[in-house]
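A.B. asks: Structure file model.txt, compact mmCIF, C-alpha atoms, is pasted below:
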```txt
# COMPACT_ATOMS: atom_id res chain seq x y z
CA MET A 255 114.29 102.84 203.24
CA LYS A 256 115.69 105.27 200.66
CA ASP A 257 113.29 105.10 197.69
CA ARG A 258 110.30 103.94 199.57
CA PRO A 259 107.16 105.95 198.65
CA LEU A 260 105.34 107.94 201.26
CA SER A 261 101.97 106.28 201.43
CA PRO A 262 99.31 107.20 200.51
CA HIS A 263 100.71 109.28 197.68
CA LEU A 264 98.42 110.52 194.92
CA GLN A 265 100.84 110.09 192.00
CA ILE A 266 101.80 106.51 192.81
CA TYR A 267 98.52 105.36 194.28
CA ARG A 268 97.18 102.18 192.72
CA PRO A 269 93.38 102.29 192.94
CA PRO A 270 92.06 99.07 194.50
CA LEU A 271 89.67 97.07 192.31
CA THR A 272 86.88 97.39 194.89
CA MET A 273 87.18 101.17 194.75
CA MET A 274 87.15 101.23 190.95
CA MET A 275 84.08 98.99 190.94
CA SER A 276 82.34 101.28 193.41
CA ILE A 277 82.90 104.16 190.98
CA VAL A 278 81.77 102.03 188.03
CA HIS A 279 78.61 101.12 189.96
CA ARG A 280 77.73 104.81 190.12
CA ILE A 281 78.64 105.42 186.49
CA THR A 282 76.50 102.50 185.30
CA GLY A 283 73.69 103.75 187.55
CA GLY A 284 73.94 107.16 185.90
CA ALA A 285 74.00 105.55 182.46
CA LEU A 286 70.87 103.55 183.29
CA TYR A 287 69.20 106.74 184.55
CA PHE A 288 69.49 108.32 181.11
CA GLY A 289 69.15 104.95 179.40
CA MET A 290 65.60 104.86 180.72
CA LEU A 291 64.89 107.50 178.04
CA LEU A 292 65.74 104.87 175.43
CA LEU A 293 63.25 102.39 176.90
CA VAL A 294 60.57 105.08 177.11
CA TRP A 295 61.24 106.17 173.52
CA TRP A 296 60.81 102.56 172.42
CA LEU A 297 57.57 102.09 174.40
CA ILE A 298 56.07 105.39 173.19
CA ALA A 299 57.01 104.58 169.61
CA ALA A 300 55.36 101.16 169.89
CA ALA A 301 52.25 102.83 171.30
CA ALA A 302 52.29 105.60 168.67
CA GLY A 303 52.23 103.37 165.60
CA PRO A 304 54.17 101.51 162.90
CA ASN A 305 55.96 104.60 161.51
CA ALA A 306 57.31 105.74 164.87
CA TYR A 307 58.30 102.16 165.69
CA ALA A 308 60.10 101.83 162.36
CA SER A 309 62.26 104.86 163.15
CA VAL A 310 63.30 103.35 166.51
CA GLN A 311 64.11 100.08 164.78
CA TRP A 312 66.12 101.97 162.16
CA PHE A 313 68.15 103.76 164.86
CA MET A 314 68.83 100.58 166.82
CA GLU A 315 70.18 98.95 163.66
CA THR A 316 72.76 101.70 163.08
CA LEU A 317 76.27 101.26 164.47
CA LEU A 318 75.69 104.04 167.03
CA GLY A 319 72.40 102.49 168.07
CA ARG A 320 74.01 99.09 168.49
CA LEU A 321 76.86 100.57 170.54
CA ILE A 322 74.42 102.38 172.83
CA LEU A 323 72.32 99.22 173.22
CA PHE A 324 75.43 97.14 173.96
CA GLY A 325 76.52 99.66 176.60
CA TYR A 326 72.99 99.72 178.01
CA THR A 327 72.95 95.91 178.27
CA TRP A 328 76.31 95.82 180.02
CA SER A 329 75.39 98.70 182.35
CA LEU A 330 72.17 96.97 183.38
CA ILE A 331 73.83 93.61 184.07
CA HIS A 332 76.86 95.16 185.76
CA HIS A 333 74.70 97.38 187.97
CA MET A 334 72.51 94.40 188.85
CA LEU A 335 75.44 92.12 189.74
CA GLY A 336 77.11 94.99 191.61
CA GLY A 337 73.82 95.56 193.43
CA ILE A 338 73.66 91.90 194.46
CA ARG A 339 77.24 92.26 195.76
CA HIS A 340 76.16 95.28 197.79
CA LEU A 341 73.17 93.35 199.16
CA VAL A 342 75.57 90.59 200.26
CA TRP A 343 77.69 93.23 201.96
CA ASP A 344 74.58 94.81 203.51
CA MET A 345 73.87 91.50 205.20
CA GLY A 346 77.37 91.56 206.66
CA TYR A 347 78.95 88.84 204.54
CA GLY A 348 81.90 88.90 202.16
CA PHE A 349 84.10 91.48 203.84
CA GLY A 350 87.24 89.32 204.13
CA PRO A 351 90.25 90.42 202.02
CA ALA A 352 89.94 87.41 199.69
CA GLU A 353 86.14 87.39 199.62
CA ARG A 354 85.68 91.02 198.66
CA GLU A 355 88.26 90.72 195.85
CA TRP A 356 86.62 87.52 194.63
CA LEU A 357 83.16 89.12 194.68
CA THR A 358 84.46 92.13 192.77
CA VAL A 359 86.19 90.07 190.09
CA ALA A 360 83.11 87.84 189.78
CA THR A 361 80.90 90.91 189.24
CA LEU A 362 83.11 92.21 186.45
CA ALA A 363 83.65 88.84 184.75
CA GLY A 364 79.97 87.96 185.16
CA SER A 365 78.72 91.21 183.64
CA ILE A 366 81.04 91.01 180.62
CA GLY A 367 80.32 87.30 180.11
CA LEU A 368 76.55 87.62 180.46
CA THR A 369 76.43 90.63 178.12
CA ILE A 370 78.29 88.70 175.40
CA VAL A 371 76.05 85.64 175.91
CA LEU A 372 72.89 87.79 175.70
CA TRP A 373 74.05 89.47 172.49
CA PHE A 374 75.05 86.12 171.02
CA VAL A 375 71.58 84.73 171.78
CA GLY A 376 70.03 87.93 170.44
CA TYR A 377 71.83 87.68 167.14
CA LEU A 378 70.93 83.99 166.92
CA ALA A 379 67.26 84.90 167.49
CA MET A 380 67.46 87.45 164.71
CA GLY A 381 69.04 84.93 162.35
CA GLY A 382 72.71 85.93 162.37
CA ILE A 383 74.59 89.22 162.30
CA ARG A 384 73.04 91.92 160.19
CA MET B 598 61.94 117.25 215.50
CA SER B 599 63.96 115.87 218.40
CA ASP B 600 66.32 118.84 218.27
CA HIS B 601 66.23 119.18 222.03
CA ALA B 602 67.26 115.62 222.73
CA PRO B 603 69.13 115.43 226.03
CA GLY B 604 72.85 115.03 225.55
CA SER B 605 72.69 116.45 222.02
CA MET B 606 76.00 117.72 220.65
CA ARG B 607 74.26 120.19 218.34
CA THR B 608 74.96 123.88 218.73
CA PRO B 609 72.09 126.39 219.08
CA LEU B 610 73.19 128.05 215.81
CA GLY B 611 73.05 124.72 213.98
CA ARG B 612 69.56 124.17 215.35
CA VAL B 613 68.39 127.59 214.19
CA ARG B 614 69.76 126.96 210.69
CA HIS B 615 68.12 123.52 210.56
CA LEU B 616 71.43 121.84 209.89
CA GLY B 617 71.84 118.14 210.40
CA SER B 618 69.77 115.07 209.70
CA ALA B 619 66.32 115.42 208.16
CA ARG B 620 65.53 112.03 209.77
CA ALA B 621 64.54 110.59 206.39
CA GLY B 622 67.76 108.68 205.70
CA THR B 623 66.71 105.26 206.92
CA ARG B 624 63.59 105.21 204.77
CA HIS B 625 65.67 106.35 201.78
CA PHE B 626 68.21 103.58 202.39
CA TRP B 627 65.49 100.98 202.93
CA HIS B 628 63.54 101.93 199.79
CA GLN B 629 66.76 101.87 197.75
CA ARG B 630 67.31 98.26 198.90
CA LEU B 631 63.64 97.31 198.54
CA THR B 632 63.54 98.47 194.93
CA SER B 633 66.94 96.91 194.20
CA VAL B 634 65.69 93.49 195.33
CA ALA B 635 62.48 93.93 193.31
CA ASN B 636 64.53 94.93 190.29
CA ILE B 637 66.49 91.67 190.18
CA PRO B 638 63.64 89.42 188.98
CA LEU B 639 61.87 92.29 187.17
CA SER B 640 64.84 93.34 185.05
CA ILE B 641 65.58 89.70 184.18
CA ALA B 642 61.94 89.38 183.08
CA VAL B 643 62.15 92.58 181.01
CA VAL B 644 65.36 91.43 179.34
CA VAL B 645 63.61 88.13 178.45
CA ILE B 646 60.60 90.07 177.08
CA ILE B 647 62.79 92.36 174.97
CA MET B 648 64.84 89.41 173.69
CA GLY B 649 61.59 87.77 172.63
CA LEU B 650 60.59 90.89 170.69
CA LEU B 651 63.81 91.16 168.67
CA GLY B 652 63.20 91.27 164.95
CA ARG B 653 59.40 91.16 165.27
CA ASN B 654 57.23 93.61 163.37
CA HIS B 655 55.17 96.38 164.94
CA ALA B 656 51.89 94.47 165.08
CA ALA B 657 53.47 91.53 166.91
CA VAL B 658 55.31 93.83 169.33
CA VAL B 659 52.08 95.68 170.16
CA GLN B 660 50.22 92.42 170.71
CA ILE B 661 52.88 91.00 173.05
CA LEU B 662 53.53 94.24 174.99
CA GLY B 663 49.79 94.74 175.37
CA SER B 664 49.12 91.27 176.75
CA MET B 665 48.20 91.24 180.42
CA LEU B 666 51.17 89.44 181.98
CA VAL B 667 53.78 91.30 179.92
CA ALA B 668 52.14 94.69 180.54
CA ILE B 669 51.93 94.13 184.30
CA THR B 670 55.58 93.00 184.39
CA MET B 671 56.65 96.07 182.40
CA LEU B 672 54.61 98.36 184.67
CA LEU B 673 56.14 96.87 187.82
CA PHE B 674 59.61 97.22 186.30
CA ILE B 675 59.01 100.86 185.35
CA VAL B 676 57.65 101.78 188.79
CA THR B 677 60.41 100.09 190.81
CA SER B 678 63.29 101.15 188.57
CA VAL B 679 62.17 104.77 188.17
CA TYR B 680 61.79 105.04 191.95
CA HIS B 681 65.21 103.35 192.36
CA MET B 682 66.92 105.73 189.93
CA TRP B 683 65.20 108.74 191.51
CA LEU B 684 66.61 107.78 194.93
CA GLY B 685 70.01 106.93 193.47
CA MET B 686 70.42 110.18 191.54
CA GLN B 687 69.42 112.11 194.66
CA VAL B 688 72.38 110.61 196.53
CA VAL B 689 74.73 111.36 193.63
CA ILE B 690 73.56 115.00 193.55
CA GLU B 691 73.87 115.36 197.33
CA ASP B 692 77.39 113.91 197.17
CA TYR B 693 78.77 116.08 194.38
CA VAL B 694 76.71 119.28 194.16
CA HIS B 695 77.56 121.59 197.06
CA ASP B 696 76.32 124.96 195.84
CA GLU B 697 72.92 125.41 197.48
CA LEU B 698 71.05 126.85 194.51
CA THR B 699 72.50 124.35 192.01
CA LYS B 700 71.72 121.55 194.45
CA PHE B 701 68.06 122.52 194.80
CA VAL B 702 67.69 122.98 191.04
CA THR B 703 69.29 119.60 190.22
CA LEU B 704 67.30 117.82 192.95
CA MET B 705 64.11 119.29 191.49
CA ALA B 706 65.21 118.39 187.96
CA ASN B 707 65.83 114.82 189.16
CA THR B 708 62.28 114.59 190.50
CA PHE B 709 60.74 116.16 187.39
CA PHE B 710 62.77 113.88 185.08
CA SER B 711 61.87 110.74 187.04
CA PHE B 712 58.15 111.51 187.14
CA ALA B 713 58.05 112.52 183.46
CA VAL B 714 59.93 109.43 182.29
CA GLY B 715 57.93 107.13 184.55
CA LEU B 716 54.53 108.53 183.61
CA ALA B 717 55.38 108.52 179.89
CA ALA B 718 56.35 104.85 180.09
CA ILE B 719 53.27 103.92 182.11
CA PHE B 720 51.01 105.81 179.67
CA ALA B 721 52.60 104.02 176.69
CA ILE B 722 52.17 100.57 178.28
CA LEU B 723 48.56 101.27 179.22
CA LYS B 724 47.85 102.57 175.73
CA LEU B 725 49.34 99.39 174.26
CA SER B 726 47.13 97.31 176.55
CA PHE B 727 43.87 99.18 176.12
CA GLY B 728 44.53 100.11 172.49
CA LEU B 729 43.14 103.62 172.68
```
Re-express the file's structure as structure tokens.

C.D. replies:
Amino acid sequence: MKDRPLSPHLQIYRPPLTMMMSIVHRITGGALYFGMLLLVWWLIAAAAGPNAYASVQWFMETLLGRLILFGYTWSLIHHMLGGIRHLVWDMGYGFGPAEREWLTVATLAGSIGLTIVLWFVGYLAMGGIR
Amino acid sequence: MSDHAPGSMRTPLGRVRHLGSARAGTRHFWHQRLTSVANIPLSIAVVVIIMGLLGRNHAAVVQILGSMLVAITMLLFIVTSVYHMWLGMQVVIEDYVHDELTKFVTLMANTFFSFAVGLAAIFAILKLSFGL
């Protein structure tokens, strides 16, 4: 019993994956909140005319624009999959120790996988990386 | 409302200060779920629409975004997701902002932001459709 930690102890606390994903769900929600500005900018530019639309297109082609768009895509998919997980939990399913871990890992793997697939398809549609 | 419910544990002082539930939580929770379910098919549809617009020029984008089915889908998506994010940000503010004045200001800012962003998007989509 000598070197056993006193639990819970803040400095040696390993955050459970479900807790981390709960935090990430909020962070992605917040990102999507401000990401809505990006969608609105794009829609207004399209409605305003070719010049305004060209400047949005220019920005989205820059490295920063691409990074923001990639993060936006992942946030949307992750928040959606996380939301589905919460809906499953709302219905009272998936609370077992194995189930909740499995759901959490599936959300993370699914969001990363789907984001990469979407971007791959997107680049294919645009005729390769440019 | 039902402050004088028999068997209530609330103190008279708490009642005078209007502390406690505003009795609007269930509707908030329900609308959060309602919009989240609506957002599943709608955001998939919007992702498909945006993917289909990649690399197209302005004239083609305007034509597609202005077409009836696409415009209605975009409008539904904007309405449900702006409402969803309005509700969501309210919870985040209530959880983390404890100073009364800052809380009221940020809650108001959340409402103003959501309405401004939502109306701007709706206006743009309608303008694309009606071509004014």

A.B. asks: Enter the distance from atom CA of B:Gly715 to atom CA of A:Ser365, in Å, rounded to one decimal.

C.D. replies: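 These atoms are spaced 26.2 Å apart.
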
A.B. asks: Using only C-alpha atoms, pick whichever of B:Thr608, B:Met682, B:Ala619, B:Leu725 has the shortest atom-to-atom distance to A:Thr282.

C.D. replies: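 Closest to A:Thr282, using only C-alpha atoms: B:Met682.
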
A.B. asks: For the contact check between chain B and chain A, emit one row per residue of chain B within 7 Å, containing the shortest atom pair and the distance in Å rounded to one decimal, counting all atoms listed in the file, chain then rising number order, as JSON lines.

C.D. replies:
```
{"residue": "B:Ile637", "atom": "CA", "partner": "A:Met334", "partner_atom": "CA", "distance": 6.7}
{"residue": "B:Met648", "atom": "CA", "partner": "A:Gly376", "partner_atom": "CA", "distance": 6.3}
{"residue": "B:Leu651", "atom": "CA", "partner": "A:Met380", "partner_atom": "CA", "distance": 6.5}
{"residue": "B:Gly652", "atom": "CA", "partner": "A:Met380", "partner_atom": "CA", "distance": 5.7}
{"residue": "B:His655", "atom": "CA", "partner": "A:Pro304", "partner_atom": "CA", "distance": 5.6}
{"residue": "B:Val659", "atom": "CA", "partner": "A:Ala300", "partner_atom": "CA", "distance": 6.4}
{"residue": "B:Met682", "atom": "CA", "partner": "A:Tyr287", "partner_atom": "CA", "distance": 5.9}
{"residue": "B:Val714", "atom": "CA", "partner": "A:Val294", "partner_atom": "CA", "distance": 6.8}
{"residue": "B:Ala717", "atom": "CA", "partner": "A:Val294", "partner_atom": "CA", "distance": 6.8}
{"residue": "B:Ala718", "atom": "CA", "partner": "A:Val294", "partner_atom": "CA", "distance": 5.2}
{"residue": "B:Ala721", "atom": "CA", "partner": "A:Ile298", "partner_atom": "CA", "distance": 5.1}
{"residue": "B:Ile722", "atom": "CA", "partner": "A:Leu297", "partner_atom": "CA", "distance": 6.8}
{"residue": "B:Lys724", "atom": "CA", "partner": "A:Ala301", "partner_atom": "CA", "distance": 6.2}
{"residue": "B:Leu725", "atom": "CA", "partner": "A:Ala301", "partner_atom": "CA", "distance": 5.4}
```

A.B. asks: Axis-aligned box over every listed atom of stretch 332-349 of chain A, padded by 6 Å per side: centre and edges in Å to one decimal, as lines of an AutoDock Vina configuration file?

C.D. replies:
```
center_x = 78.3
center_y = 93.1
center_z = 196.2
size_x = 23.6
size_y = 20.5
size_z = 32.9
```

A.B. asks: Under the rule that only C-alpha atoms are counted, which of A:Tyr267, A:Asp257, A:Met275, A:Trp328 is the nearest residue to A:Ile370?

C.D. replies: A:Trp328

A.B. asks: What does the structure give for the distance between atom CA of A:Pro351 and atom CA of A:Ile366, in Å to one decimal?

C.D. replies: 23.3 Å

A.B. asks: Please indicate the distance in Å from atom CA of B:Leu684 to atom CA of B:Asn636, rounded to one decimal place.

C.D. replies: 13.8 Å

A.B. asks: Take the point (73.4, 110.7, 200.4) as written in the file and pick out every residue within 12 Å of it, counting all atoms listed in the file; give the list as a PyMOL selection string.

C.D. replies: chain B and resi 618-619+621-623+625-626+629+684-694+704

A.B. asks: Using only C-alpha atoms, can you tell me which of B:Pro609, B:Leu639, B:Gly617, B:Pro603 comes closest to B:Val667?

C.D. replies: B:Leu639

A.B. asks: Hey, which of A:Val278, A:Thr272, A:Leu321, A:Gly289 ends up closest to A:Phe349? Count all atoms listed in the file.

C.D. replies: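 Once distances to A:Phe349 are computed over all atoms listed in the file, the minimum belongs to A:Thr272.
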